[in-house]
Each structure stands twice: as structure tokens, then as C-alpha cells.
file input-v5.json (JSON, C-alpha atoms)
[["chain", "number", "residue", "atom", "x", "y", "z"],
["Q", 1, "GLY", "CA", 4.53, -25.82, 19.90],
["Q", 2, "GLU", "CA", 1.17, -26.10, 21.60],
["Q", 3, "GLY", "CA", 1.04, -22.36, 22.29],
["Q", 4, "GLU", "CA", 1.28, -21.53, 18.62],
["Q", 5, "LEU", "CA", -1.69, -23.71, 17.74],
["Q", 6, "GLN", "CA", -4.17, -21.83, 19.89],
["Q", 7, "ILE", "CA", -4.05, -18.87, 17.57],
["Q", 8, "HIS", "CA", -6.84, -16.72, 18.86],
["Q", 9, "HIS", "CA", -6.21, -17.60, 22.48],
["Q", 10, "HIS", "CA", -5.61, -14.42, 24.39],
["Q", 11, "SER", "CA", -3.11, -15.78, 26.90],
["Q", 12, "THR", "CA", -0.69, -16.79, 24.15],
["Q", 13, "LEU", "CA", -0.53, -13.30, 22.65],
["Q", 14, "ILE", "CA", 2.39, -12.21, 24.81],
["Q", 15, "VAL", "CA", 4.29, -15.41, 24.10],
["Q", 16, "LYS", "CA", 3.62, -14.82, 20.42],
["Q", 17, "MET", "CA", 4.96, -11.29, 20.58],
["Q", 18, "LYS", "CA", 8.25, -12.50, 22.08],
["Q", 19, "LEU", "CA", 8.48, -15.19, 19.44],
["Q", 20, "ALA", "CA", 7.65, -12.58, 16.82],
["Q", 21, "LEU", "CA", 10.63, -10.49, 17.87],
["Q", 22, "ALA", "CA", 12.95, -13.47, 17.57],
["Q", 23, "THR", "CA", 11.70, -14.42, 14.14],
["Q", 24, "SER", "CA", 11.04, -10.97, 12.70],
["Q", 25, "LEU", "CA", 14.41, -11.03, 10.94],
["Q", 26, "ILE", "CA", 13.68, -14.30, 9.17],
["Q", 27, "ALA", "CA", 10.15, -13.19, 8.53],
["Q", 28, "SER", "CA", 11.03, -9.86, 7.00],
["Q", 29, "ALA", "CA", 13.23, -11.65, 4.49],
["Q", 30, "ALA", "CA", 10.48, -14.12, 3.71],
["Q", 31, "ALA", "CA", 7.85, -11.43, 3.45],
["Q", 32, "PHE", "CA", 9.52, -9.66, 0.57],
["Q", 33, "ALA", "CA", 10.81, -12.57, -1.48],
["Q", 34, "PRO", "CA", 8.74, -12.33, -4.67],
["Q", 35, "SER", "CA", 6.95, -15.60, -5.22],
["Q", 36, "THR", "CA", 6.30, -16.60, -8.80],
["Q", 37, "SER", "CA", 3.55, -19.13, -8.19],
["Q", 38, "ALA", "CA", 1.37, -16.76, -6.19],
["Q", 39, "PRO", "CA", 2.75, -13.24, -6.15],
["Q", 40, "GLN", "CA", 0.11, -12.00, -3.75],
["Q", 41, "SER", "CA", 0.84, -14.47, -1.00],
["Q", 42, "THR", "CA", 4.35, -15.04, 0.21],
["Q", 43, "LYS", "CA", 4.70, -17.54, 3.00],
["Q", 44, "LEU", "CA", 4.33, -14.73, 5.48],
["Q", 45, "ASN", "CA", 1.54, -12.71, 3.96],
["Q", 46, "GLY", "CA", -0.40, -15.68, 2.65],
["Q", 47, "LEU", "CA", -1.63, -16.51, 6.11],
["Q", 48, "LYS", "CA", -4.33, -13.90, 5.91],
["Q", 49, "GLU", "CA", -5.73, -15.34, 2.69],
["Q", 50, "ASP", "CA", -5.41, -18.91, 4.02],
["Q", 51, "ALA", "CA", -7.38, -17.98, 7.10],
["Q", 52, "THR", "CA", -10.21, -16.67, 4.99],
["Q", 53, "LYS", "CA", -10.16, -19.68, 2.67],
["Q", 54, "TYR", "CA", -9.64, -22.63, 4.96],
["Q", 55, "GLY", "CA", -10.42, -21.33, 8.42],
["Q", 56, "ALA", "CA", -8.39, -21.46, 11.60],
["Q", 57, "ALA", "CA", -7.43, -25.13, 11.37],
["Q", 58, "ALA", "CA", -5.31, -24.57, 8.29],
["Q", 59, "LEU", "CA", -3.80, -21.48, 9.87],
["Q", 60, "ALA", "CA", -2.84, -23.46, 12.97],
["Q", 61, "GLY", "CA", -1.11, -25.99, 10.73],
["Q", 62, "ALA", "CA", 0.71, -23.26, 8.83],
["Q", 63, "VAL", "CA", 2.04, -21.76, 12.04],
["Q", 64, "ALA", "CA", 3.24, -25.13, 13.28],
["Q", 65, "VAL", "CA", 5.07, -25.75, 10.00],
["Q", 66, "SER", "CA", 6.58, -22.35, 9.32],
["Q", 67, "VAL", "CA", 8.67, -20.48, 11.85],
["Q", 68, "ALA", "CA", 8.65, -17.37, 9.66],
["Q", 69, "ALA", "CA", 4.88, -17.24, 9.96],
["Q", 70, "ALA", "CA", 4.94, -15.95, 13.52],
["Q", 71, "PRO", "CA", 4.67, -12.16, 13.16],
["Q", 72, "ALA", "CA", 2.17, -12.34, 10.31],
["Q", 73, "GLN", "CA", -0.81, -13.63, 12.22],
["Q", 74, "ALA", "CA", -3.82, -11.70, 11.13],
["Q", 75, "LEU", "CA", -5.24, -10.06, 14.25],
["Q", 76, "THR", "CA", -8.61, -8.38, 14.52],
["Q", 77, "LYS", "CA", -8.86, -4.70, 15.47],
["Q", 78, "SER", "CA", -9.94, -5.57, 19.02],
["Q", 79, "GLN", "CA", -6.96, -7.94, 19.44],
["Q", 80, "ILE", "CA", -4.58, -5.24, 18.21],
["Q", 81, "ASN", "CA", -6.14, -2.73, 20.61],
["Q", 82, "GLU", "CA", -5.32, -5.03, 23.54],
["Q", 83, "LEU", "CA", -1.59, -4.88, 22.81],
["Q", 84, "SER", "CA", 0.71, -2.41, 24.51],
["Q", 85, "TYR", "CA", 3.22, -0.26, 22.63],
["Q", 86, "LEU", "CA", 6.11, -2.53, 23.62],
["Q", 87, "GLN", "CA", 4.26, -5.62, 22.44],
["Q", 88, "VAL", "CA", 3.84, -4.07, 18.99],
["Q", 89, "LYS", "CA", 7.27, -2.39, 18.74],
["Q", 90, "GLY", "CA", 9.61, -4.22, 16.37],
["Q", 91, "THR", "CA", 7.11, -6.87, 15.27],
["Q", 92, "GLY", "CA", 5.93, -5.21, 12.04],
["Q", 93, "LEU", "CA", 2.32, -5.34, 13.29],
["Q", 94, "ALA", "CA", 1.90, -1.59, 12.99],
["Q", 95, "ASN", "CA", 2.39, -1.99, 9.24],
["Q", 96, "ARG", "CA", -0.38, -4.57, 8.92],
["Q", 97, "CYS", "CA", -4.11, -4.10, 8.45],
["Q", 98, "PRO", "CA", -6.50, -5.81, 10.87],
["Q", 99, "GLU", "CA", -8.57, -8.72, 9.64],
["Q", 100, "VAL", "CA", -12.36, -8.85, 9.77],
["Q", 101, "ILE", "CA", -14.34, -11.92, 10.77],
["Q", 102, "GLY", "CA", -17.91, -12.41, 9.54],
["Q", 103, "GLU", "CA", -19.94, -12.19, 6.36],
["Q", 104, "ASP", "CA", -22.76, -9.86, 7.37],
["Q", 105, "THR", "CA", -24.32, -6.88, 5.62],
["Q", 106, "ILE", "CA", -24.03, -3.22, 6.60],
["Q", 107, "THR", "CA", -26.23, -0.58, 4.96],
["Q", 108, "PRO", "CA", -24.81, 2.88, 5.67],
["Q", 109, "LYS", "CA", -27.29, 5.52, 6.81],
["Q", 110, "SER", "CA", -27.15, 9.03, 5.38],
["Q", 111, "GLY", "CA", -24.26, 11.01, 6.87],
["Q", 112, "ALA", "CA", -22.22, 7.86, 7.55],
["Q", 113, "ARG", "CA", -18.44, 7.96, 7.28],
["Q", 114, "LEU", "CA", -15.77, 5.39, 6.49],
["Q", 115, "VAL", "CA", -13.05, 5.73, 9.16],
["Q", 116, "ASP", "CA", -9.82, 3.97, 10.28],
["Q", 117, "MET", "CA", -9.29, 2.79, 6.73],
["Q", 118, "CYS", "CA", -6.09, 0.80, 6.25],
["Q", 119, "ILE", "CA", -4.58, -0.24, 2.91],
["Q", 120, "GLU", "CA", -1.74, -2.76, 2.97],
["Q", 121, "PRO", "CA", 0.03, -3.73, -0.27],
["Q", 122, "LYS", "CA", 1.24, -7.34, -0.43],
["Q", 123, "ALA", "CA", 2.58, -7.53, -3.99],
["Q", 124, "TRP", "CA", 4.22, -4.94, -6.26],
["Q", 125, "ALA", "CA", 4.82, -5.00, -10.00],
["Q", 126, "VAL", "CA", 6.30, -2.50, -12.48],
["Q", 127, "GLU", "CA", 5.30, -2.26, -16.13],
["Q", 128, "GLU", "CA", 8.17, -3.05, -18.49],
["Q", 129, "GLU", "CA", 8.47, -3.39, -22.23],
["Q", 130, "ILE", "CA", 9.62, -6.90, -22.94],
["Q", 131, "GLY", "CA", 10.97, -7.72, -26.39],
["Q", 132, "LYS", "CA", 9.96, -11.11, -27.79],
["Q", 133, "ALA", "CA", 10.72, -12.25, -31.35],
["Q", 134, "GLY", "CA", 11.11, -8.69, -32.62],
["Q", 135, "LYS", "CA", 7.90, -7.49, -30.96],
["Q", 136, "THR", "CA", 7.76, -5.55, -27.72],
["Q", 137, "GLU", "CA", 4.90, -6.04, -25.32],
["Q", 138, "LYS", "CA", 4.13, -4.32, -22.04],
["Q", 139, "LYS", "CA", 4.10, -6.61, -19.02],
["Q", 140, "PHE", "CA", 3.98, -6.11, -15.27],
["Q", 141, "VAL", "CA", 7.12, -7.56, -13.72],
["Q", 142, "ASN", "CA", 7.06, -8.64, -10.08],
["Q", 143, "SER", "CA", 9.37, -6.58, -7.93],
["Q", 144, "LYS", "CA", 10.35, -6.57, -4.28],
["Q", 145, "VAL", "CA", 9.76, -3.73, -1.89],
["Q", 146, "MET", "CA", 12.89, -2.04, -0.52],
["Q", 147, "THR", "CA", 11.09, 0.29, 1.89],
["Q", 148, "ARG", "CA", 11.02, -0.86, 5.51],
["Q", 149, "GLN", "CA", 7.77, -1.50, 7.37],
["Q", 150, "THR", "CA", 6.28, 1.93, 6.63],
["Q", 151, "TYR", "CA", 4.46, 1.44, 3.32],
["Q", 152, "THR", "CA", 0.91, 0.78, 4.60],
["Q", 153, "LEU", "CA", -1.69, 3.57, 4.47],
["Q", 154, "ASP", "CA", -3.77, 4.02, 7.62],
["Q", 155, "GLY", "CA", -6.24, 6.25, 9.46],
["Q", 156, "ILE", "CA", -7.88, 7.21, 6.17],
["Q", 157, "GLU", "CA", -11.41, 8.58, 6.42],
["Q", 158, "GLY", "CA", -14.06, 10.22, 4.32],
["Q", 159, "SER", "CA", -17.78, 10.54, 3.74],
["Q", 160, "LEU", "CA", -20.15, 7.92, 2.34],
["Q", 161, "LYS", "CA", -22.88, 9.17, 0.04],
["Q", 162, "SER", "CA", -25.46, 7.46, -2.12],
["Q", 163, "GLU", "CA", -25.62, 8.12, -5.87],
["Q", 164, "GLY", "CA", -28.31, 6.32, -7.82],
["Q", 165, "GLY", "CA", -28.71, 3.70, -5.11],
["Q", 166, "ASN", "CA", -24.97, 2.97, -4.97],
["Q", 167, "ILE", "CA", -22.53, 3.72, -2.16],
["Q", 168, "VAL", "CA", -19.92, 6.35, -3.07],
["Q", 169, "PHE", "CA", -16.86, 6.95, -0.86],
["Q", 170, "PHE", "CA", -15.04, 10.31, -0.94],
["Q", 171, "GLU", "CA", -11.54, 10.11, 0.58],
["Q", 172, "GLU", "CA", -10.81, 13.17, 2.72],
["Q", 173, "GLU", "CA", -7.90, 12.71, 5.14],
["Q", 174, "GLY", "CA", -5.53, 10.38, 6.96],
["Q", 175, "ILE", "CA", -2.07, 8.94, 6.29],
["Q", 176, "ASP", "CA", -3.03, 8.63, 2.64],
["Q", 177, "TYR", "CA", 0.41, 8.50, 1.03],
["Q", 178, "ALA", "CA", 3.63, 6.55, 1.64],
["Q", 179, "PRO", "CA", 6.89, 7.04, -0.28],
["Q", 180, "THR", "CA", 7.90, 3.54, -1.41],
["Q", 181, "THR", "CA", 10.72, 2.07, -3.49],
["Q", 182, "VAL", "CA", 10.60, -1.28, -5.27],
["Q", 183, "GLN", "CA", 13.43, -3.14, -6.97],
["Q", 184, "LEU", "CA", 13.14, -4.89, -10.32],
["Q", 185, "PRO", "CA", 14.83, -8.26, -10.97],
["Q", 186, "GLY", "CA", 17.67, -6.45, -12.81],
["Q", 187, "GLY", "CA", 18.43, -4.30, -9.77],
["Q", 188, "GLU", "CA", 16.77, -1.12, -11.02],
["Q", 189, "ARG", "CA", 14.98, 0.74, -8.24],
["Q", 190, "VAL", "CA", 11.69, 2.50, -8.89],
["Q", 191, "PRO", "CA", 10.47, 5.06, -6.32],
["Q", 192, "PHE", "CA", 6.80, 5.99, -6.17],
["Q", 193, "LEU", "CA", 4.39, 7.77, -3.84],
["Q", 194, "PHE", "CA", 1.85, 5.09, -2.94],
["Q", 195, "THR", "CA", -1.37, 7.03, -2.38],
["Q", 196, "VAL", "CA", -5.17, 7.14, -2.55],
["Q", 197, "LYS", "CA", -5.49, 10.93, -2.35],
["Q", 198, "GLU", "CA", -8.78, 12.41, -3.65],
["Q", 199, "LEU", "CA", -10.25, 8.96, -4.26],
["Q", 200, "LYS", "CA", -13.89, 8.92, -5.30],
["Q", 201, "ALA", "CA", -14.83, 5.24, -5.14],
["Q", 202, "VAL", "CA", -18.16, 4.32, -6.73],
["Q", 203, "GLY", "CA", -19.74, 1.13, -5.43],
["Q", 204, "ASN", "CA", -22.01, -1.40, -7.10],
["Q", 205, "GLY", "CA", -24.82, -1.50, -4.54],
["Q", 206, "PRO", "CA", -26.46, 0.13, -1.51],
["Q", 207, "ALA", "CA", -24.86, -2.12, 1.17],
["Q", 208, "PHE", "CA", -21.45, -3.46, 2.20],
["Q", 209, "LYS", "CA", -21.57, -7.24, 1.91],
["Q", 210, "PRO", "CA", -19.19, -9.94, 0.63],
["Q", 211, "GLY", "CA", -18.79, -9.37, -3.12],
["Q", 212, "PHE", "CA", -19.44, -5.60, -2.92],
["Q", 213, "GLN", "CA", -17.03, -3.72, -5.21],
["Q", 214, "MET", "CA", -16.01, -0.08, -5.40],
["Q", 215, "GLY", "CA", -13.37, 1.76, -7.34],
["Q", 216, "GLY", "CA", -12.32, 5.07, -8.81],
["Q", 217, "THR", "CA", -9.49, 7.40, -9.71],
["Q", 218, "THR", "CA", -6.87, 8.75, -7.32],
["Q", 219, "THR", "CA", -4.46, 11.68, -7.57],
["Q", 220, "THR", "CA", -0.72, 11.03, -7.20],
["Q", 221, "PRO", "CA", 1.30, 14.13, -6.25],
["Q", 222, "SER", "CA", 4.97, 14.46, -7.17],
["Q", 223, "TYR", "CA", 7.32, 12.12, -5.27],
["Q", 224, "ARG", "CA", 9.49, 15.17, -4.52],
["Q", 225, "THR", "CA", 8.24, 18.56, -3.33],
["Q", 226, "GLY", "CA", 9.48, 22.02, -4.31],
["Q", 227, "LEU", "CA", 12.12, 22.25, -1.58],
["Q", 228, "PHE", "CA", 14.01, 19.16, -2.76],
["Q", 229, "LEU", "CA", 17.45, 19.98, -4.17],
["Q", 230, "ASP", "CA", 19.21, 17.75, -6.69],
["Q", 231, "PRO", "CA", 23.00, 17.05, -6.42],
["Q", 232, "LYS", "CA", 23.78, 20.33, -8.21],
["Q", 233, "GLY", "CA", 21.60, 22.38, -5.88],
["Q", 234, "ARG", "CA", 18.72, 22.89, -8.31],
["Q", 235, "GLY", "CA", 15.21, 22.73, -6.88],
["Q", 236, "GLY", "CA", 11.58, 23.46, -7.72],
["Q", 237, "THR", "CA", 11.01, 26.53, -5.56],
["Q", 238, "THR", "CA", 14.52, 27.10, -4.18],
["Q", 239, "GLY", "CA", 18.13, 26.59, -5.20],
["Q", 240, "TYR", "CA", 20.00, 27.33, -8.41],
["Q", 241, "ASP", "CA", 18.20, 27.47, -11.74],
["Q", 242, "MET", "CA", 21.13, 25.86, -13.58],
["Q", 243, "ALA", "CA", 24.25, 23.88, -12.74],
["Q", 244, "VAL", "CA", 26.93, 26.37, -11.71],
["Q", 245, "ALA", "CA", 30.75, 26.23, -11.32],
["Q", 246, "LEU", "CA", 32.49, 23.82, -13.70],
["Q", 247, "PRO", "CA", 30.10, 23.08, -16.59],
["Q", 248, "GLY", "CA", 30.91, 25.61, -19.32],
["Q", 249, "LEU", "CA", 28.15, 24.40, -21.61],
["Q", 250, "GLN", "CA", 25.28, 26.35, -20.09],
["Q", 251, "SER", "CA", 26.60, 29.86, -20.54],
["Q", 252, "GLY", "CA", 23.86, 30.94, -22.91],
["Q", 253, "GLU", "CA", 20.50, 30.13, -24.42],
["Q", 254, "GLU", "CA", 21.76, 27.19, -26.50],
["Q", 255, "GLY", "CA", 23.41, 25.46, -23.57],
["Q", 256, "ASP", "CA", 20.17, 25.33, -21.66],
["Q", 257, "GLU", "CA", 18.28, 23.52, -24.44],
["Q", 258, "GLU", "CA", 19.44, 19.97, -23.85],
["Q", 259, "LEU", "CA", 19.47, 20.41, -20.09],
["Q", 260, "PHE", "CA", 16.04, 22.05, -20.00],
["Q", 261, "LYS", "CA", 14.39, 19.06, -18.30],
["Q", 262, "GLU", "CA", 17.14, 18.84, -15.68],
["Q", 263, "ASN", "CA", 17.05, 22.57, -14.97],
["Q", 264, "ASN", "CA", 13.33, 23.17, -15.18],
["Q", 265, "LYS", "CA", 11.94, 21.35, -12.14],
["Q", 266, "THR", "CA", 8.22, 20.60, -12.22],
["Q", 267, "PHE", "CA", 5.74, 19.23, -9.67],
["Q", 268, "ASP", "CA", 3.99, 16.53, -11.69],
["Q", 269, "VAL", "CA", 0.54, 15.41, -10.54],
["Q", 270, "THR", "CA", -0.67, 12.18, -12.17],
["Q", 271, "GLN", "CA", -3.77, 10.00, -12.05],
["Q", 272, "GLY", "CA", -4.04, 6.52, -10.58],
["Q", 273, "ARG", "CA", -6.83, 4.03, -10.06],
["Q", 274, "ILE", "CA", -7.89, 1.63, -7.30],
["Q", 275, "GLU", "CA", -10.48, -1.17, -7.31],
["Q", 276, "MET", "CA", -11.62, -2.76, -4.05],
["Q", 277, "GLU", "CA", -13.73, -5.80, -3.25],
["Q", 278, "VAL", "CA", -15.23, -6.46, 0.17],
["Q", 279, "ASN", "CA", -15.07, -10.09, 1.29],
["Q", 280, "LYS", "CA", -15.61, -9.82, 5.06],
["Q", 281, "VAL", "CA", -18.19, -7.75, 6.97],
["Q", 282, "ASN", "CA", -18.73, -7.69, 10.73],
["Q", 283, "SER", "CA", -21.93, -5.77, 11.51],
["Q", 284, "GLU", "CA", -21.44, -5.97, 15.28],
["Q", 285, "GLU", "CA", -18.13, -4.10, 15.08],
["Q", 286, "SER", "CA", -19.29, -2.32, 11.87],
["Q", 287, "GLU", "CA", -16.09, -3.34, 10.09],
["Q", 288, "ILE", "CA", -15.39, -4.28, 6.48],
["Q", 289, "GLY", "CA", -12.35, -5.93, 4.97],
["Q", 290, "GLY", "CA", -11.29, -7.14, 1.56],
["Q", 291, "VAL", "CA", -8.79, -6.99, -1.27],
["Q", 292, "TYR", "CA", -7.69, -4.25, -3.63],
["Q", 293, "VAL", "CA", -5.74, -3.71, -6.85],
["Q", 294, "ALA", "CA", -4.28, -0.28, -7.70],
["Q", 295, "THR", "CA", -2.27, 1.22, -10.53],
["Q", 296, "GLN", "CA", -0.42, 4.54, -10.51],
["Q", 297, "LEU", "CA", 2.61, 6.29, -11.94],
["Q", 298, "GLY", "CA", 5.99, 6.51, -10.23],
["Q", 299, "ASP", "CA", 8.57, 9.22, -9.69],
["Q", 300, "THR", "CA", 9.30, 11.63, -12.58],
["Q", 301, "ASP", "CA", 12.42, 13.03, -10.87],
["Q", 302, "MET", "CA", 10.73, 16.45, -11.03],
["Q", 303, "GLY", "CA", 10.04, 16.32, -14.74],
["Q", 304, "SER", "CA", 13.26, 14.83, -16.10],
["Q", 305, "LYS", "CA", 12.19, 11.16, -16.29],
["Q", 306, "VAL", "CA", 9.25, 9.35, -17.84],
["Q", 307, "PRO", "CA", 7.35, 7.82, -14.89],
["Q", 308, "ARG", "CA", 6.96, 4.04, -14.62],
["Q", 309, "LYS", "CA", 3.55, 2.44, -14.14],
["Q", 310, "ILE", "CA", 3.24, 0.55, -10.87],
["Q", 311, "LEU", "CA", 0.66, -2.07, -9.88],
["Q", 312, "THR", "CA", 0.04, -2.98, -6.25],
["Q", 313, "LYS", "CA", -2.25, -5.65, -4.82],
["Q", 314, "GLY", "CA", -3.15, -6.23, -1.20],
["Q", 315, "ILE", "CA", -5.79, -5.99, 1.48],
["Q", 316, "PHE", "CA", -7.82, -3.22, 3.08],
["Q", 317, "TYR", "CA", -9.79, -2.64, 6.27],
["Q", 318, "ALA", "CA", -12.28, 0.06, 7.26],
["Q", 319, "LYS", "CA", -14.87, 0.91, 9.90],
["Q", 320, "ILE", "CA", -18.29, 2.43, 9.19],
["Q", 321, "ASP", "CA", -19.05, 5.29, 11.57],
["Q", 322, "GLN", "CA", -22.79, 6.04, 11.69]]
call {"tool": "encode", "arguments": {"input": "input-v5.json", "output": "C-alpha cells"}}
result
Amino acid sequence: GEGELQIHHHSTLIVKMKLALATSLIASAAAFAPSTSAPQSTKLNGLKEDATKYGAAALAGAVAVSVAAAPAQALTKSQINELSYLQVKGTGLANRCPEVIGEDTITPKSGARLVDMCIEPKAWAVEEEIGKAGKTEKKFVNSKVMTRQTYTLDGIEGSLKSEGGNIVFFEEEGIDYAPTTVQLPGGERVPFLFTVKELKAVGNGPAFKPGFQMGGTTTTPSYRTGLFLDPKGRGGTTGYDMAVALPGLQSGEEGDEELFKENNKTFDVTQGRIEMEVNKVNSEESEIGGVYVATQLGDTDMGSKVPRKILTKGIFYAKIDQ
């Protein structure tokens, strides 16, 4: 309708929120259907990219055409701040990163910090070995996210320093991890701890501007912590140290051999990597936004499984505090 076309019009926000509630069921289905042509943009999530590419006119058209597009409107931080709790509740907005409008330049002063950083994955893939004509090759297979709207990282902050004339970001705190599960086309589910802990991102210049890139390694802690007990009551720091009761196999040293990995729980810390590219900068609000690609390892089931390699792609948002 007419109301939907005036996307950035303030008075239609409340109408949109009501509409969003009605269509959030359809939308959530559409949001997670893996799309082969463009894995990064499903009908729902693609709106953000469309807005950056073709401007608001195309976005208005998209909203008119697609009902499922309603809750996915990219809102700026100031628009989100105007909404009440009840207007956000149930719409999935809290799991989305704000968009940034503008293509300015921000040069951080010494002592500046990156705050309110938000990282929202939009596409997930798991590395698989695919056999073709007797040869196996490793390929990332698109998968769909099974976790509900809680997989976005937010409130991340850290210091900005300059090394050799380049910006370097040191991640320090925030909601910097999110347990997530994705499902492969065959039905296999792969859990992983999506995280950017201990990120040291080295940039390629002294200022944030469209085209600025930064990236570095991250640390992925174990998906499970020491208090987690498996179905037989074995855990990392608590619980039994072997399966008790019925199994007669494990009475001695020999019995433990083949079950060593199951019995000996470990807290595996692995390395990941993230690359980010800024494509929007608003110097007035001192905001930056852009896209990212990250790889990391999944759950090892406390040492008993070989972890899968997971690739996520999506968008990010951050504010420069100086």
C-alpha cells in the first residue's frame, strides 16, 4: 500500500511494526531459505544490499512486491532508537544490525574506540569433502541456520590504535559470541560458537572510508564449557570420568583405550579469521557500516569429534567514539 512506499517516513513506522508482526512468520521462513543464485541475499535480507545499490526507489518497489519484506527494512541507528520495546518485540529487529547512510571519511584520533559494534551473519556454509570422478575436493556447502533470532553479535567494543599509519582494532568486550547451529542439505546439524573474541583487525589505511578493509585472527573457545555433562554424566570439570553401570568393557586400562576421546573431555580453543570492508561512513553520526566474511571451526564435542570449518558472510555496523 501507500504506507509501505514511504519507507523512511516516521509516521509509518508504527504501522510497519504491526505489519511486521503479522508477516514475521512468513518472513522468518523466507529469511532462512538458502538461495542458490545469491546465497548472501535472500528475499528478506537482500533488501539491505538493494538499498545500498539502487537507492530507496528500488527498495520501495521491493516492499510493494514482497509481503515477506516487511520486517527486514534496514533502519538506521537513530530510527531504531525511536522505537519502544513493544514495537521491537517479536519483529526480529533486535537481531539486525543498523544501516549507515553516507560515504564520508572518518579519521580516528589517538585514544579513539570502536563501540556498539554489531555483526550480523546473512549466509552460512560448511566445508565438506565432495567426491567427483574418484577425486575428493573440499567445498563450502550452503546451509540454513536453525538457531532462532539470537545469532547476531552486538555491543562489541575495543580500542583503535595506529600501526605504521594503518588503523588497528583490538576487540575487548561485548556480546562477542553466539552459539549457533546450521543444517546441511542432508539434514546433518553443525553447532558452532560464532565469535570474534580477541580479534586484532589490521586495516589498510589511516581513515574509515568506503573501500577501507580490515581483518585478522579471532579465538574460538569450546562450544561446551567444563560443567557440561554428556548423556552418561561425563564432563570436563565435573561428573564421572568413565561410563558407569552397564558397560562392562571399561573395567581396566585396555577398555579405556578406544573410549579415551569420549572419556577424556577437553576444552578446545581454535583459531578463526574475519575480513571486513567498510562501504558506508556517516561522519555526522560517526558511524561505519559494511560487509564481512569469516571462517572458524565448529563444535568438537569436547574433543571427541573433528571440528567442521564454517564460513559466514554478512554485514557489520560500528560507531567511532572519540
call {"tool": "closest_residue", "arguments": {"input": "input-v5.json", "among": "Q:Thr136, Q:Asn282, Q:Asn263, Q:Thr270", "to": "Ile101 of chain Q", "atoms": "only C-alpha atoms"}}
result
Q:Asn282
call {"tool": "residues_around", "arguments": {"input": "input-v5.json", "residues": "segment 128-134 of chain Q", "least_positions_apart": "5", "cutoff": "10 Å", "atoms": "only C-alpha atoms", "output": "PyMOL selection string"}}
result
chain Q and resi 139-141+184+308-310
call {"tool": "atom_distance", "arguments": {"input": "input-v5.json", "atom1": "atom CA of Arg113 of chain Q", "atom2": "atom CA of Ser286 of chain Q"}}
result
11.3 Å
call {"tool": "residues_around", "arguments": {"input": "input-v5.json", "residues": "Glu171 of chain Q", "least_positions_apart": "2", "cutoff": "6 Å", "atoms": "all atoms listed in the file", "output": "ChimeraX atom specification"}}
result
/Q:158,198-199
call {"tool": "closest_residue", "arguments": {"input": "input-v5.json", "among": "Q:Glu275, Q:Glu287, Q:Glu172, Q:Asp301", "to": "Lys313 of chain Q", "atoms": "all atoms listed in the file"}}
result
Q:Glu275
call {"tool": "residues_near_point", "arguments": {"input": "input-v5.json", "point": "(-3.8, -11.4, 13.9)", "cutoff": "7 Å", "atoms": "all atoms listed in the file", "output": "list in words"}}
result
Gln73, Ala74, Leu75, Thr76, Pro98 and Glu99 of chain Q
call {"tool": "residues_around", "arguments": {"input": "input-v5.json", "residues": "Glu277 of chain Q", "least_positions_apart": "3", "cutoff": "8 Å", "atoms": "all atoms listed in the file", "output": "short mmCIF file (atom, residue, chain, number, x, y, z; two decimals) with C-alpha atoms, in the coordinates of the input"}}
result
data_model
loop_
_atom_site.label_atom_id
_atom_site.label_comp_id
_atom_site.auth_asym_id
_atom_site.auth_seq_id
_atom_site.Cartn_x
_atom_site.Cartn_y
_atom_site.Cartn_z
CA PRO Q 210 -19.19 -9.94 0.63
CA GLY Q 211 -18.79 -9.37 -3.12
CA PHE Q 212 -19.44 -5.60 -2.92
CA GLN Q 213 -17.03 -3.72 -5.21
CA MET Q 214 -16.01 -0.08 -5.40
CA GLY Q 290 -11.29 -7.14 1.56
CA VAL Q 291 -8.79 -6.99 -1.27
CA TYR Q 292 -7.69 -4.25 -3.63
#
call {"tool": "atom_distance", "arguments": {"input": "input-v5.json", "atom1": "atom CA of Thr195 of chain Q", "atom2": "atom CA of Ser159 of chain Q"}}
result
17.9 Å
call {"tool": "closest_residue", "arguments": {"input": "input-v5.json", "among": "Q:Met302, Q:Leu193, Q:Ala294, Q:Ile156", "to": "Gly235 of chain Q", "atoms": "only C-alpha atoms"}}
result
Q:Met302
call {"tool": "atom_distance", "arguments": {"input": "input-v5.json", "atom1": "atom CA of Ala243 of chain Q", "atom2": "atom CA of Lys265 of chain Q"}}
result
12.6 Å
call {"tool": "residues_around", "arguments": {"input": "input-v5.json", "residues": "Glu120 of chain Q", "least_positions_apart": "5", "cutoff": "6 Å", "atoms": "all atoms listed in the file", "output": "list in words"}}
result
Thr152, Gly314 and Ile315 of chain Q
call {"tool": "residues_near_point", "arguments": {"input": "input-v5.json", "point": "(7.1, 19.6, -5.3)", "cutoff": "10 Å", "atoms": "all atoms listed in the file", "output": "tab-separated table (two decimals) with C-alpha atoms, keeping the file's coordinate frame"}}
result
chain	number	residue	atom	x	y	z
Q	221	PRO	CA	1.30	14.13	-6.25
Q	222	SER	CA	4.97	14.46	-7.17
Q	223	TYR	CA	7.32	12.12	-5.27
Q	224	ARG	CA	9.49	15.17	-4.52
Q	225	THR	CA	8.24	18.56	-3.33
Q	226	GLY	CA	9.48	22.02	-4.31
Q	227	LEU	CA	12.12	22.25	-1.58
Q	228	PHE	CA	14.01	19.16	-2.76
Q	235	GLY	CA	15.21	22.73	-6.88
Q	236	GLY	CA	11.58	23.46	-7.72
Q	237	THR	CA	11.01	26.53	-5.56
Q	265	LYS	CA	11.94	21.35	-12.14
Q	266	THR	CA	8.22	20.60	-12.22
Q	267	PHE	CA	5.74	19.23	-9.67
Q	268	ASP	CA	3.99	16.53	-11.69
Q	269	VAL	CA	0.54	15.41	-10.54
Q	302	MET	CA	10.73	16.45	-11.03
call {"tool": "axis_aligned_box", "arguments": {"input": "input-v5.json", "around": "segment 285-295 of chain Q", "padding_each_side": "3 Å", "output": "JSON"}}
result
{"center_x": -10.8, "center_y": -3.0, "center_z": 2.3, "size_x": 23.0, "size_y": 14.4, "size_z": 31.6}
call {"tool": "closest_residue", "arguments": {"input": "input-v5.json", "among": "Q:Ala123, Q:Ile320, Q:Leu297, Q:Val145", "to": "Gly272 of chain Q", "atoms": "only C-alpha atoms"}}
result
Q:Leu297
call {"tool": "residues_around", "arguments": {"input": "input-v5.json", "residues": "Gly289 of chain Q", "least_positions_apart": "5", "cutoff": "10 Å", "atoms": "only C-alpha atoms", "output": "ChimeraX atom specification"}}
result
/Q:97-103,117-119,208-210,276-282,315-319
call {"tool": "closest_residue", "arguments": {"input": "input-v5.json", "among": "Q:Leu259, Q:Val202, Q:Thr220, Q:Gly298", "to": "Thr180 of chain Q", "atoms": "all atoms listed in the file"}}
result
Q:Gly298
